[in-house]
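final-v3.txt follows (compact mmCIF, C-alpha atoms and all ligand atoms):
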# COMPACT_ATOMS: atom_id res chain seq x y z
CA MET A 1 0.00 0.00 0.00
CA LEU A 2 1.15 3.52 -0.72
CA LEU A 3 1.68 5.95 2.12
CA ILE A 4 0.60 9.19 0.50
CA PRO A 5 1.70 12.53 1.98
CA CYS A 6 -1.43 14.66 1.77
CA PRO A 7 -0.39 18.32 1.62
CA ASN A 8 -3.01 19.16 4.24
CA CYS A 9 -3.04 16.13 6.51
CA GLY A 10 0.37 14.48 6.25
CA PRO A 11 1.03 10.82 5.46
CA ARG A 12 -2.07 8.66 5.23
CA ASP A 13 -2.89 5.22 3.90
CA GLU A 14 -3.70 4.92 0.23
CA THR A 15 -7.19 3.62 1.10
CA GLU A 16 -8.13 7.14 2.25
CA PHE A 17 -7.54 8.48 -1.28
CA HIS A 18 -9.09 8.19 -4.68
CA TYR A 19 -7.22 8.33 -7.94
CA GLY A 20 -8.05 11.02 -10.45
CA GLY A 21 -6.08 9.93 -13.49
CA GLN A 22 -3.56 11.89 -15.48
CA ALA A 23 -2.93 15.47 -14.43
CA HIS A 24 -2.63 18.46 -16.76
CA VAL A 25 -5.30 17.46 -19.26
CA PRO A 26 -6.95 20.80 -19.98
CA TYR A 27 -10.52 21.03 -21.13
CA PRO A 28 -10.51 22.04 -24.80
CA GLU A 29 -10.95 25.74 -25.44
CA ASN A 30 -13.69 25.18 -28.00
CA PRO A 31 -15.10 21.68 -27.69
CA ASN A 32 -17.61 22.31 -30.46
CA GLU A 33 -14.82 22.83 -32.96
CA LEU A 34 -13.21 19.46 -32.29
CA SER A 35 -13.68 16.51 -34.57
CA ASP A 36 -15.00 13.32 -33.05
CA THR A 37 -11.48 11.93 -33.14
CA GLU A 38 -10.04 14.92 -31.29
CA TRP A 39 -12.85 14.83 -28.75
CA SER A 40 -12.35 11.12 -28.14
CA ARG A 41 -8.64 11.76 -27.68
CA TYR A 42 -9.43 14.34 -25.03
CA LEU A 43 -11.93 12.08 -23.29
CA PHE A 44 -10.32 8.68 -23.38
CA TYR A 45 -6.65 8.77 -24.37
CA ARG A 46 -4.06 9.10 -21.65
CA GLU A 47 -0.35 8.66 -21.25
CA ASN A 48 0.81 5.35 -19.91
CA PRO A 49 4.46 5.94 -19.15
CA LYS A 50 6.90 3.52 -17.66
CA GLY A 51 8.46 5.92 -15.18
CA ILE A 52 7.42 9.29 -13.81
CA PHE A 53 3.74 10.09 -14.23
CA ALA A 54 1.88 13.24 -13.22
CA GLU A 55 -1.47 12.28 -11.76
CA ARG A 56 -4.29 13.62 -9.62
CA TRP A 57 -5.40 12.33 -6.24
CA VAL A 58 -8.10 13.34 -3.80
CA HIS A 59 -7.99 12.74 -0.06
CA SER A 60 -11.56 11.49 -0.01
CA THR A 61 -11.92 10.39 3.62
CA GLY A 62 -9.70 13.15 4.95
CA CYS A 63 -9.63 16.78 3.91
CA ARG A 64 -11.45 16.06 0.61
CA GLN A 65 -8.94 18.18 -1.31
CA TRP A 66 -7.39 17.42 -4.69
CA PHE A 67 -3.67 17.59 -5.38
CA ASN A 68 -1.16 16.52 -8.01
CA MET A 69 1.51 13.91 -7.59
CA LEU A 70 4.57 12.81 -9.55
CA ARG A 71 4.80 9.06 -9.13
CA ASP A 72 7.17 6.52 -10.62
CA THR A 73 4.98 3.84 -12.15
CA VAL A 74 7.79 1.30 -11.87
CA SER A 75 8.99 1.79 -8.30
CA TYR A 76 5.85 3.55 -6.98
CA ASP A 77 8.19 6.14 -5.55
CA ILE A 78 6.34 9.42 -4.91
CA GLN A 79 8.63 12.17 -6.18
CA ALA A 80 6.57 15.30 -5.70
CA ILE A 81 3.26 16.58 -4.38
CA TYR A 82 2.07 19.92 -5.71
CA PRO A 83 -1.15 21.92 -5.75
CA MET A 84 -3.81 21.73 -8.41
CA GLY A 85 -3.36 24.40 -11.04
CA THR A 86 0.40 24.65 -10.74
CA PRO A 87 2.73 23.41 -13.48
CA ARG A 88 4.42 20.08 -13.26
CA PRO A 89 7.70 20.44 -11.35
CA ASP A 90 10.89 19.47 -13.12
CA SER A 91 12.02 15.99 -12.33
CA SER A 92 15.52 15.15 -13.41
CA SER A 93 14.81 11.52 -14.09
CA ARG A 94 11.93 12.00 -16.44
CA ALA A 95 11.42 8.82 -18.37
CA THR A 96 8.56 9.92 -20.54
CA PRO A 97 8.65 7.73 -23.61
CA ALA A 98 9.02 9.53 -26.88
CA THR A 99 5.84 7.98 -28.16
CA GLY A 100 3.01 6.86 -25.95
CA THR A 101 -0.17 5.17 -26.95
CA ALA A 102 -1.94 8.45 -26.68
CA SER A 103 -0.10 11.68 -26.91
CA THR A 104 -2.91 14.13 -27.22
CA ALA A 105 -2.52 17.62 -28.47
CA PRO A 106 -4.14 19.46 -25.53
CA ASP A 107 -2.05 18.04 -22.72
CA SER A 108 1.24 18.30 -24.51
CA THR A 109 1.13 22.00 -23.84
CA THR A 110 1.41 21.42 -20.11
CA THR A 111 3.45 18.26 -19.87
CA GLY A 112 6.04 19.07 -22.48
CA THR A 113 7.54 22.19 -20.99
CA ALA A 114 11.03 20.87 -20.29
CA GLY A 115 12.07 19.60 -23.66
CA PRO A 116 15.81 19.20 -23.19
CA SER A 117 15.56 16.75 -20.31
CA THR A 118 13.76 14.19 -22.43
CA SER A 119 16.57 14.13 -24.95
CA THR A 120 18.74 12.24 -22.49
CA THR A 121 16.39 9.31 -22.42
CA SER A 122 16.75 6.65 -25.03
CA THR A 123 14.98 7.45 -28.23
CA LEU A 124 13.10 4.43 -29.36
CA THR A 125 11.85 5.86 -32.57
CA THR A 126 13.47 4.58 -35.73
CA THR A 127 12.34 7.54 -37.74
CA ALA A 128 14.65 10.31 -36.68
CA PRO A 129 12.89 13.38 -35.35
CA GLU A 130 13.37 16.54 -37.32
CA GLY A 131 16.60 18.24 -36.48
CA ALA A 132 18.48 14.96 -36.17
CA THR A 133 20.07 15.26 -39.57
CA LYS A 134 23.78 14.73 -39.98
CA MET B 1 -25.03 4.09 28.94
CA ALA B 2 -26.89 5.34 25.93
CA GLU B 3 -29.63 7.77 26.62
CA THR B 4 -32.35 7.49 24.09
CA ALA B 5 -34.86 10.21 24.68
CA ALA B 6 -36.42 12.31 27.31
CA SER B 7 -38.37 10.28 29.80
CA PRO B 8 -42.10 10.03 29.05
CA ALA B 9 -42.95 12.04 32.13
CA ALA B 10 -41.05 15.00 30.73
CA ALA B 11 -42.58 14.77 27.24
CA LYS B 12 -44.67 17.86 27.52
CA THR B 13 -43.16 20.69 25.57
CA PRO B 14 -43.02 20.48 21.77
CA ALA B 15 -39.25 20.11 22.01
CA ASP B 16 -39.54 17.13 24.30
CA LYS B 17 -42.12 15.53 22.06
CA ASN B 18 -39.78 16.03 19.13
CA LEU B 19 -37.01 14.14 20.94
CA ALA B 20 -39.29 11.39 22.21
CA ALA B 21 -40.36 10.59 18.66
CA ARG B 22 -36.84 10.19 17.34
CA VAL B 23 -34.84 6.98 17.03
CA SER B 24 -31.09 7.34 16.97
CA PRO B 25 -29.07 5.47 14.32
CA ALA B 26 -27.62 2.96 16.82
CA ARG B 27 -30.64 2.72 19.13
CA GLN B 28 -30.96 -0.99 18.36
CA LEU B 29 -27.45 -1.51 19.78
CA ALA B 30 -28.06 0.19 23.12
CA GLU B 31 -28.49 -3.07 25.03
CA ALA B 32 -25.53 -4.67 23.26
CA PHE B 33 -23.39 -1.63 24.08
CA ALA B 34 -24.36 -1.89 27.76
CA ALA B 35 -23.66 -5.61 27.81
CA GLY B 36 -20.38 -5.31 25.91
CA SER B 37 -18.96 -2.46 27.97
CA LEU B 38 -16.24 -3.56 30.36
CA ALA B 39 -15.81 -1.34 33.39
CA GLY B 40 -12.14 -0.60 33.94
CA ALA B 41 -11.18 -1.71 30.43
CA VAL B 42 -13.26 -0.18 27.66
CA GLU B 43 -16.82 1.07 27.52
CA ILE B 44 -18.98 2.17 24.63
CA ALA B 45 -22.15 4.19 24.38
CA GLU B 46 -24.03 6.11 21.75
CA VAL B 47 -24.51 9.81 22.40
CA PRO B 48 -27.52 10.42 20.20
CA PHE B 49 -28.74 13.56 18.51
CA LEU B 50 -25.80 15.87 18.99
CA THR B 51 -26.23 19.03 16.97
CA MET B 52 -23.76 19.10 14.08
CA VAL B 53 -23.33 21.84 11.54
CA GLY B 54 -21.12 21.74 8.49
CA LEU B 55 -19.33 25.00 7.78
CA ARG B 56 -17.50 26.02 4.66
CA ALA B 57 -15.68 29.31 4.41
CA ASP B 58 -12.31 30.29 3.03
CA ALA B 59 -9.71 30.87 5.69
CA GLY B 60 -9.03 34.55 6.10
CA SER B 61 -12.32 35.66 4.60
CA ASP B 62 -14.70 38.00 6.37
CA ALA B 63 -17.28 35.22 6.49
CA ALA B 64 -14.82 32.94 8.26
CA ALA B 65 -14.12 35.65 10.79
CA ARG B 66 -17.82 36.16 11.46
CA LEU B 67 -18.41 32.40 11.80
CA ALA B 68 -15.46 32.19 14.17
CA GLY B 69 -17.11 34.88 16.24
CA VAL B 70 -20.14 32.65 16.75
CA THR B 71 -18.27 29.41 17.45
CA GLY B 72 -15.34 30.81 19.40
CA GLY B 73 -12.85 30.32 16.59
CA LEU B 74 -12.11 28.09 13.61
CA PRO B 75 -9.23 25.58 13.78
CA ALA B 76 -6.33 26.47 11.50
CA GLN B 77 -4.86 23.11 10.60
CA CYS B 78 -5.47 19.38 10.37
CA GLY B 79 -6.39 17.88 13.73
CA GLY B 80 -7.40 21.19 15.23
CA VAL B 81 -10.38 21.55 17.55
CA VAL B 82 -11.42 24.85 19.04
CA GLY B 83 -14.19 25.23 21.51
CA ASN B 84 -16.45 27.71 23.12
CA GLY B 85 -17.88 26.04 26.20
CA ASP B 86 -19.85 23.03 25.05
CA THR B 87 -19.65 23.94 21.37
CA SER B 88 -16.62 22.64 19.49
CA VAL B 89 -15.39 23.12 15.93
CA LEU B 90 -13.43 20.35 14.26
CA TRP B 91 -11.12 20.86 11.29
CA LEU B 92 -12.23 18.74 8.32
CA GLY B 93 -10.40 20.54 5.54
CA PRO B 94 -8.71 23.85 4.74
CA SER B 95 -12.08 25.52 4.32
CA GLU B 96 -14.39 22.95 5.90
CA PHE B 97 -15.33 22.55 9.54
CA LEU B 98 -17.74 20.57 11.68
CA VAL B 99 -19.48 22.24 14.58
CA VAL B 100 -20.51 19.85 17.36
CA ALA B 101 -22.90 21.14 19.97
CA PRO B 102 -25.32 19.72 22.54
CA THR B 103 -28.68 18.34 21.46
CA GLU B 104 -30.54 21.37 22.80
CA ALA B 105 -28.64 23.67 20.46
CA HIS B 106 -30.68 22.37 17.54
CA GLU B 107 -33.33 24.69 16.22
CA SER B 108 -36.01 21.97 16.44
CA LEU B 109 -35.52 22.15 20.20
CA GLY B 110 -35.44 25.90 20.37
CA GLY B 111 -31.71 26.41 19.97
CA ASP B 112 -30.40 29.36 18.01
CA LEU B 113 -26.90 28.15 17.06
CA ILE B 114 -27.64 27.22 13.45
CA GLN B 115 -29.53 30.42 12.73
CA ALA B 116 -26.73 32.43 14.31
CA LEU B 117 -24.26 30.71 11.98
CA ARG B 118 -26.51 31.34 8.97
CA ASP B 119 -26.73 34.98 9.91
CA ALA B 120 -22.96 35.15 10.32
CA LEU B 121 -22.37 33.74 6.85
CA GLY B 122 -24.99 36.00 5.33
CA GLY B 123 -24.85 36.09 1.55
CA ASP B 124 -21.13 35.41 1.33
CA ALA B 125 -19.58 32.45 -0.39
CA GLY B 126 -19.58 29.42 1.87
CA GLN B 127 -22.17 27.28 3.55
CA VAL B 128 -23.85 26.51 6.83
CA VAL B 129 -25.61 23.15 6.70
CA ASP B 130 -27.45 21.32 9.45
CA LEU B 131 -25.75 17.91 9.52
CA SER B 132 -27.18 16.71 12.81
CA ALA B 133 -28.81 13.69 11.21
CA ASN B 134 -25.78 12.86 9.07
CA ARG B 135 -23.67 11.25 11.76
CA THR B 136 -24.18 9.75 15.15
CA THR B 137 -21.71 9.74 18.01
CA PHE B 138 -20.06 6.84 19.79
CA GLU B 139 -18.16 7.43 22.96
CA LEU B 140 -15.40 4.93 23.56
CA THR B 141 -13.68 5.24 26.91
CA GLY B 142 -11.29 3.38 29.15
CA PRO B 143 -7.66 2.29 29.25
CA ARG B 144 -8.21 -0.17 26.40
CA ALA B 145 -10.04 2.25 24.11
CA ARG B 146 -6.90 3.03 22.13
CA ALA B 147 -6.10 -0.66 21.65
CA VAL B 148 -9.61 -1.25 20.32
CA LEU B 149 -9.29 1.57 17.80
CA GLU B 150 -5.83 0.47 16.72
CA LYS B 151 -7.34 -2.71 15.32
CA GLY B 152 -9.04 -0.73 12.59
CA CYS B 153 -7.43 2.69 12.28
CA SER B 154 -4.10 3.32 10.60
CA LEU B 155 -3.41 6.65 12.30
CA ASP B 156 -0.72 6.68 14.95
CA LEU B 157 -2.89 6.72 18.07
CA HIS B 158 -0.02 6.71 20.54
CA PRO B 159 -0.43 9.59 23.02
CA ARG B 160 2.91 11.09 21.99
CA VAL B 161 1.35 11.74 18.56
CA PHE B 162 -2.41 11.75 19.07
CA LYS B 163 -3.11 14.37 21.71
CA ALA B 164 -6.31 14.88 23.62
CA GLY B 165 -8.21 17.73 22.04
CA THR B 166 -7.47 16.80 18.44
CA ALA B 167 -9.69 15.20 15.81
CA PHE B 168 -9.05 13.61 12.45
CA SER B 169 -11.23 12.61 9.55
CA THR B 170 -9.99 9.14 8.68
CA GLU B 171 -11.05 5.52 8.33
CA ILE B 172 -12.02 3.18 11.12
CA ALA B 173 -12.80 -0.41 10.21
CA ASN B 174 -12.53 0.62 6.56
CA ILE B 175 -15.35 3.13 6.75
CA PRO B 176 -15.00 6.90 6.84
CA ALA B 177 -15.35 8.39 10.29
CA VAL B 178 -14.19 11.35 12.31
CA LEU B 179 -12.15 10.40 15.37
CA TRP B 180 -11.94 12.96 18.15
CA LYS B 181 -9.79 12.34 21.19
CA THR B 182 -11.63 14.15 23.96
CA GLY B 183 -9.47 12.97 26.87
CA GLU B 184 -6.49 10.75 27.59
CA GLU B 185 -8.70 7.67 27.57
CA SER B 186 -11.81 8.88 25.83
CA PHE B 187 -12.71 9.13 22.18
CA ARG B 188 -15.69 10.33 20.23
CA ILE B 189 -16.30 8.61 16.92
CA PHE B 190 -18.63 10.10 14.32
CA PRO B 191 -19.76 7.48 11.79
CA ARG B 192 -22.34 8.30 9.17
CA ALA B 193 -25.78 7.17 10.30
CA SER B 194 -25.91 4.40 7.72
CA PHE B 195 -22.60 3.01 9.01
CA ALA B 196 -23.55 3.23 12.68
CA GLU B 197 -24.75 -0.33 13.07
CA PHE B 198 -21.74 -1.75 11.25
CA LEU B 199 -19.21 0.27 13.22
CA GLY B 200 -21.02 -0.35 16.51
CA ARG B 201 -20.91 -4.10 16.00
CA TRP B 202 -17.33 -3.94 14.78
CA LEU B 203 -16.29 -2.06 17.92
CA LEU B 204 -18.16 -4.52 20.15
CA ASP B 205 -16.30 -7.36 18.48
CA ALA B 206 -12.98 -5.55 18.89
CA MET B 207 -13.74 -4.98 22.58
CA ARG B 208 -14.64 -8.56 23.34
CA GLU B 209 -11.13 -9.87 23.95
CA TYR B 210 -10.72 -7.53 26.93
CA ALA B 211 -13.55 -9.32 28.75
CA SER B 212 -11.17 -12.21 29.38
CA PRO B 213 -8.08 -12.13 31.55
CA GLU B 214 -4.96 -11.20 29.64
CA VAL B 215 -2.96 -14.20 28.49
CA PRO B 216 0.61 -13.67 29.64
ZN ZN C 301 -5.83 15.45 3.40
How would this structure read if it were set down as structure tokens?
Ligand SMILES: [Zn+2]
Amino acid sequence: MLLIPCPNCGPRDETEFHYGGQAHVPYPENPNELSDTEWSRYLFYRENPKGIFAERWVHSTGCRQWFNMLRDTVSYDIQAIYPMGTPRPDSSSRATPATGTASTAPDSTTTGTAGPSTSTTSTLTTTAPEGATK
Amino acid sequence: MAETAASPAAAKTPADKNLAARVSPARQLAEAFAAGSLAGAVEIAEVPFLTMVGLRADAGSDAAARLAGVTGGLPAQCGGVVGNGDTSVLWLGPSEFLVVAPTEAHESLGGDLIQALRDALGGDAGQVVDLSANRTTFELTGPRARAVLEKGCSLDLHPRVFKAGTAFSTEIANIPAVLWKTGEESFRIFPRASFAEFLGRWLLDAMREYASPEVP
């Protein structure tokens, strides 16, 4: 079981919390202008990284407040807790894969702020990204 | 010993009639509580019909200050309880509080606490909600009370951490409940009414081992 450090209440058992899925998925500015594909991507498609993941939690049987968490999906290590509405803190060991199953346009604006740090992770793509010319 | 209602002889005023007609959420456990209580070890009783009011107001706002004026303060952080005589305010969240007051403070019995809180909030953002029927109250007392709770609560209940006069919203026996330590060996537990029977029976079961002599 995780011992989750609630920013208001301190460390509590995981059973006191509920999971809120991926953090930093903004509601589309103009939902009516989206195609069905784009709308479905907003609704249903989420990152599934092996490594650090930004996610939302709510302390449901405690203070009933939401907060964000950076958690390592491999080791379950909790790397950061930060308030809702604040940007994702830099984590040096970001292991965000270059391509996920669902890299949606809206959330890339908030999760992809620190570009350089991802370049240190192994690039699995065979097609070289632009700029990688000799 | 659980007190259920005013005695029939006193059921004269409308307020008394109101109480006499009510059945508390754990009334059906009153006899079991009496039988399962162990003098000198751990005792349990329901304290029915306490007046409870849910407050929401942003810390630092004018509304919060006015509400604090009625209750005698609002606790500032997790675990905090502030009181004004027999009215206490428990911290539930950064902008959420639970007022616990005697039965007579309820407006159905002529009390003016809830209206005073409504007036204090006025039209500002926030809320004052009568939650008296939402939860019931168990009082668990005695030198073994902590050991009973430790069977189903993951908070550190050791006195060096859990001080008398603090309260936490947490889980007991896997159900949400507010746990308030009112004295060194006395606790108040607020389960939701629909969980009262379950938690009452769970506590009775947890208490049972202390009826027998301790095995060395
Ligand atoms: Zn909390």
Query - Closest of B:Val100, B:Leu92, B:Ala206, B:Ala39 to ligand ZN 301 (chain C) - atom-to-atom distances counting all atoms listed in the file - result: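 Nearest candidate to ligand ZN 301 (chain C) out of B:Val100, B:Leu92, B:Ala206, B:Ala39: B:Leu92.
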Requested in this report: Return as a PyMOL selection string every polymer residue, whether protein, DNA or RNA, with at least one atom no more than 10 Å from an atom of ligand ZN 301 (chain C); count all atoms listed in the file.
Outcome: (chain A and resi 4-12+16-17+58-67) or (chain B and resi 78+92-94+168-170)
If you count all atoms listed in the file, which residues fall within 7 Å of Ile81 of chain A, apart from same-chain ones fewer than 6 positions away, as a PDB file with C-alpha atoms, in the frame of the given file?
ATOM      1  CA  ASN A  68      -1.160  16.520  -8.010  1.00  0.00           C
ATOM      2  CA  MET A  69       1.510  13.910  -7.590  1.00  0.00           C
ATOM      3  CA  LEU A  70       4.570  12.810  -9.550  1.00  0.00           C
TER       4      LEU A  70
END
**Report entry** Between atom CA of Gly80 of chain B and atom CA of Tyr82 of chain A - distance in Å to one decimal
**Finding:**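 About the pair atom CA of Tyr82 of chain A and atom CA of Gly80 of chain B: they are 23.0 Å apart.
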Query raised in the report: Pick from B:Trp180, B:Phe138, B:Phe97, B:Phe198: nearest to chain A, with all atoms listed in the file counted?
Result: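 For chain A, the nearest of the given residues is B:Phe97.
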Requested in this report: Give the answer as one residue: which of A:Asp13, A:Pro89, A:Phe44, A:Leu2 has the shortest atom-to-atom distance to chain B, using only C-alpha atoms?
Outcome: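 Ranking A:Asp13, A:Pro89, A:Phe44, A:Leu2 by distance to chain B, first place goes to A:Asp13.
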**Report entry** Test item: residues at most 10 Å from Asp77 of chain A, only C-alpha atoms, excluding those fewer than 4 positions along its chain, as a ChimeraX atom specification
**Finding:** /A:2,51-52,70-73
Can you pull out the residues contacting segment 54-70 of chain B? Cut-off 8 Å, using all atoms listed in the file, and skip same-chain residues under 5 positions away; I want them as a PDB file with C-alpha atoms, keeping the file's coordinate frame.
ATOM      1  CA  PRO B  94      -8.710  23.850   4.740  1.00  0.00           C
ATOM      2  CA  SER B  95     -12.080  25.520   4.320  1.00  0.00           C
ATOM      3  CA  GLU B  96     -14.390  22.950   5.900  1.00  0.00           C
ATOM      4  CA  PHE B  97     -15.330  22.550   9.540  1.00  0.00           C
ATOM      5  CA  LEU B  98     -17.740  20.570  11.680  1.00  0.00           C
ATOM      6  CA  VAL B  99     -19.480  22.240  14.580  1.00  0.00           C
ATOM      7  CA  ALA B 116     -26.730  32.430  14.310  1.00  0.00           C
ATOM      8  CA  LEU B 117     -24.260  30.710  11.980  1.00  0.00           C
ATOM      9  CA  ALA B 120     -22.960  35.150  10.320  1.00  0.00           C
ATOM     10  CA  LEU B 121     -22.370  33.740   6.850  1.00  0.00           C
ATOM     11  CA  GLY B 122     -24.990  36.000   5.330  1.00  0.00           C
ATOM     12  CA  ASP B 124     -21.130  35.410   1.330  1.00  0.00           C
ATOM     13  CA  ALA B 125     -19.580  32.450  -0.390  1.00  0.00           C
ATOM     14  CA  GLY B 126     -19.580  29.420   1.870  1.00  0.00           C
ATOM     15  CA  GLN B 127     -22.170  27.280   3.550  1.00  0.00           C
ATOM     16  CA  VAL B 128     -23.850  26.510   6.830  1.00  0.00           C
ATOM     17  CA  VAL B 129     -25.610  23.150   6.700  1.00  0.00           C
ATOM     18  CA  ASP B 130     -27.450  21.320   9.450  1.00  0.00           C
ATOM     19  CA  LEU B 131     -25.750  17.910   9.520  1.00  0.00           C
TER      20      LEU B 131
END
**Report entry** Near-Pro213 of chain B list (12 Å; all atoms listed in the file; drop same-chain fewer than 5 positions) as a ChimeraX atom specification
**Finding:** /B:38,41,208
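In this structure, atom CA of Ser91 of chain A sits 19.1 Å away from atom CA of Gly21 of chain A.
Atom CA of Glu171 of chain B lies 26.2 Å from atom CA of Gly73 of chain B.
Summary of the local environment: counting only C-alpha atoms, residues at most 9 Å from Leu204 of chain B, other than itself and those fewer than 5 positions away along its chain, are B:Ala32, B:Phe33, B:Gly36, B:Ser37, B:Ile44, B:Leu199.
Minimum distance to chain B across A:Thr37, A:Leu3, A:Gly85, A:Tyr27 (counting only C-alpha atoms) occurs at A:Leu3.
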**Report entry** Pick from B:Thr166, B:Ser186, B:Asn174, B:Ser154 nearest to Glu139 of chain B, counting only C-alpha atoms
**Finding:**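 Under the stated criterion, the closest residue is B:Ser186.
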What would segment 26-45 of chain A look like with N, CA and C atoms in place, written as a compact mmCIF listing (two decimals), keeping the file's coordinate frame?
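Generated output (rebuild-v4.txt):
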# COMPACT_ATOMS: atom_id res chain seq x y z
N PRO A 26 -6.03 19.66 -20.00
CA PRO A 26 -6.95 20.80 -19.98
C PRO A 26 -8.20 20.55 -20.82
N TYR A 27 -9.27 21.10 -20.36
CA TYR A 27 -10.52 21.03 -21.13
C TYR A 27 -10.33 21.84 -22.41
N PRO A 28 -10.74 21.32 -23.54
CA PRO A 28 -10.51 22.04 -24.80
C PRO A 28 -11.15 23.43 -24.78
N GLU A 29 -10.45 24.37 -25.39
CA GLU A 29 -10.95 25.74 -25.44
C GLU A 29 -12.32 25.81 -26.11
N ASN A 30 -12.44 25.16 -27.25
CA ASN A 30 -13.69 25.18 -28.00
C ASN A 30 -14.11 23.76 -28.37
N PRO A 31 -14.76 23.10 -27.43
CA PRO A 31 -15.10 21.68 -27.69
C PRO A 31 -15.91 21.50 -28.96
N ASN A 32 -16.74 22.48 -29.29
CA ASN A 32 -17.61 22.31 -30.46
C ASN A 32 -16.83 22.29 -31.77
N GLU A 33 -15.61 22.79 -31.73
CA GLU A 33 -14.82 22.83 -32.96
C GLU A 33 -14.00 21.57 -33.16
N LEU A 34 -14.02 20.67 -32.16
CA LEU A 34 -13.21 19.46 -32.29
C LEU A 34 -13.92 18.43 -33.16
N SER A 35 -13.13 17.66 -33.86
CA SER A 35 -13.68 16.51 -34.57
C SER A 35 -13.96 15.42 -33.55
N ASP A 36 -14.72 14.43 -33.96
CA ASP A 36 -15.00 13.32 -33.05
C ASP A 36 -13.71 12.65 -32.60
N THR A 37 -12.75 12.57 -33.50
CA THR A 37 -11.48 11.93 -33.14
C THR A 37 -10.77 12.74 -32.08
N GLU A 38 -10.73 14.07 -32.28
CA GLU A 38 -10.04 14.92 -31.29
C GLU A 38 -10.76 14.86 -29.94
N TRP A 39 -12.08 14.87 -30.00
CA TRP A 39 -12.85 14.83 -28.75
C TRP A 39 -12.62 13.51 -28.03
N SER A 40 -12.58 12.42 -28.77
CA SER A 40 -12.35 11.12 -28.14
C SER A 40 -10.95 11.06 -27.55
N ARG A 41 -10.01 11.74 -28.22
CA ARG A 41 -8.64 11.76 -27.68
C ARG A 41 -8.62 12.51 -26.35
N TYR A 42 -9.36 13.60 -26.29
CA TYR A 42 -9.43 14.34 -25.03
C TYR A 42 -10.09 13.49 -23.95
N LEU A 43 -11.16 12.80 -24.31
CA LEU A 43 -11.93 12.08 -23.29
C LEU A 43 -11.22 10.82 -22.80
N PHE A 44 -10.68 10.06 -23.73
CA PHE A 44 -10.32 8.68 -23.38
C PHE A 44 -8.83 8.37 -23.45
N TYR A 45 -8.04 9.17 -24.14
CA TYR A 45 -6.65 8.77 -24.37
C TYR A 45 -5.74 9.43 -23.34
